[in-house]
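For reference, the structure discussed in these notes is given below.
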Amino acid sequence: MVPAFIPSPSEGVWHVFGLPIRAYALCILAGIFAGYWLGRHRWVARGGSAPVLADIMFWAIPFGLVGARIYHVVTDAELYFGAGKHPIDALKIWHGGLGIWGAVGFGALGAWIACRRAKVPFLAVADVMAPGIALAQVFGRFGNYFNQELFGRPTDKPWGLEISPEHRPAGYADFATFHPTFLYEAIWNLGVVALVILVDRRFKLGHGRAFFLYVAGYTAGRAWIETMRIDTVNHFLGLRLNVWTAIVLFVVAVVAFIVSARTRPGREDISTGPAAGKPTDGVALPETTDGDTETPAAETAEDSDDSEVEEPVADPKAQKPKVEANTTNGSEPADGSRD
């Protein structure tokens, strides 16, 4: 028999040896691992080093988790501060309450710091991780299902989500099933994952364009899904705060995508240098504007030392073959002259 609705979870917390194992936390962890797995696969496919990306994620993930909680607490401060409230509850992340805007923003800050330290192009990291972020959100939304939170308006559709009486907001005690906005957003995010991967595969997006496409795709869906939710949030000019945030970020992402495509076409090469886990010194000799090969300072100094211990040659023509040999293998003579 086909059920008349989606049943609510029977358990959201399991106790193992007296320790609470929360489904919400498991969903967040599963999302982090899934997102990193996809991003790692894309990074390595472009020639990047997996350990380098792991070091960057070591910064990005903690920043993202902290930022997600900060955004939630700041935008819903009335839940934690004021008469009858308990500010310590703001630290109880296991009860739910993570803002994706804070997660992406602070996570990007952590990644940027790590990229600066490692001399890795930040926008290349953002591009490869973009569909992974959307995939992580898919798993994270199921945490809302286990917590029975952030659902939509009442509905009698077959896919309506059953909500236990203790989780129904004021004024909705007589309704049993609601729109499963967690599921709508999870499905939408799967579409965003596919969109970014397919467009990136076709057009070789670079310089942040895959990330901007993810932001535009996600916010387009989030704006209409947000209007279905009935949880208590702040409003501005008649719209929920998150709807305005989605609209603004959508516009910014579209503009950034267009500007990037016009000013920086093509894609970064991460198969060499620090992004690939290779040192920049001594790997390849850079070329000057006139096409000649420059000599690293260390090599020039070494040639200079050798010239000091050599016996002087009376006939200047006798030294010319040595200069030609040095020029052939990419080195310059000690006095910097060229033939």
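Going by the structure tokens order, chains are called A, B, ..., each with residues numbered from 1, while ligands are numbered from 1 in the order shown.
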
For region 196-207 of chain A: contacts at 10 Å, only C-alpha atoms, fewer than 2 positions along chain excluded, given as a count of residues only: 34

Selection: 10 Å around region 154-168 of chain A, only C-alpha atoms, excl. self and same-chain fewer than 3 positions, as a VMD selection string: chain A and resid 2 to 10 145 147 to 149 151 171 to 183 228 to 231

Atom pair CA of Asn144 (chain A) / CA of Cys27 (chain A): separation (Å): 9.1 Å

For region 92-139 of chain A versus region 274-279 of chain A, which residues have an atom no more than 7 Å away, and what is each residue's nearest atom pair and distance in Å rounded to one decimal, using only C-alpha atoms, chain-then-number order, as a Markdown table?
```
| residue | atom | partner | partner_atom | distance |
| --- | --- | --- | --- | --- |
| A:Ala118 | CA | A:Pro274 | CA | 6.7 |
| A:Lys119 | CA | A:Pro274 | CA | 6.3 |
| A:Val120 | CA | A:Ala275 | CA | 5.3 |
```

Using C-alpha atoms, can you write the selected residues to a file as a PDB file, in the first residue's frame?
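Result saved to result01.pdb:
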```
ATOM      1  CA  ALA A 118      49.553  27.587   0.201  1.00  0.00           C
ATOM      2  CA  LYS A 119      49.761  29.971  -2.810  1.00  0.00           C
ATOM      3  CA  VAL A 120      46.840  28.187  -4.482  1.00  0.00           C
TER       4      VAL A 120
END
```

Proximity to Ala23 (chain A) - best of A:Phe63, A:Trp43, A:Phe142, A:Tyr71, only C-alpha atoms: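 Among A:Phe63, A:Trp43, A:Phe142, A:Tyr71, it is A:Phe142 that comes nearest to Ala23 (chain A).
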
Contact residues around region 234-242 of chain A with only C-alpha atoms at 9 Å, ignoring same-chain residues under 3 positions, as a VMD selection string: chain A and resid 75 to 76 222 to 223 226 to 227 245 to 247

Using the selection just defined, write its residues with C-alpha atoms as a PDB file, in the first residue's frame.
```pdb
ATOM      1  CA  THR A  75      19.281  36.338  12.465  1.00  0.00           C
ATOM      2  CA  ASP A  76      17.131  34.530  15.053  1.00  0.00           C
ATOM      3  CA  ARG A 222      15.697  28.582  -2.145  1.00  0.00           C
ATOM      4  CA  ALA A 223      13.705  31.763  -2.790  1.00  0.00           C
ATOM      5  CA  GLU A 226      11.484  29.640   1.595  1.00  0.00           C
ATOM      6  CA  THR A 227       8.090  31.230   0.911  1.00  0.00           C
ATOM      7  CA  THR A 245      19.112  37.104   1.029  1.00  0.00           C
ATOM      8  CA  ALA A 246      18.443  34.633  -1.781  1.00  0.00           C
ATOM      9  CA  ILE A 247      17.355  37.388  -4.176  1.00  0.00           C
TER      10      ILE A 247
END
```

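The closest residue to Val73 (chain A), picked from A:Leu195, A:Ile100, A:Ala60, A:Leu91 and counting only C-alpha atoms, is A:Leu91.
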
Backbone DSSP call of helix (DSSP H, G or I) for region 165-223 of chain A, listed as a ChimeraX atom specification: /A:165-167,181-203,209-223

d(CA of Val259 (chain A), CA of Trp244 (chain A)) in Å: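 So the two atoms, CA of Val259 (chain A) and CA of Trp244 (chain A), lie 22.7 Å apart.
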
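Straight-line separation from CA of Ala111 (chain A) to CA of Tyr24 (chain A): 24.6 Å.
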
Within 10 Å of Asp55 (chain A) using only C-alpha atoms, minus same-chain residues under 2 positions, as a list of chain:residue names: A:Ala50, A:Pro51, A:Val52, A:Leu53, A:Met57, A:Phe58, A:Trp59, A:Ala60, A:Ala111, A:Ala114, A:Cys115, A:Ala118
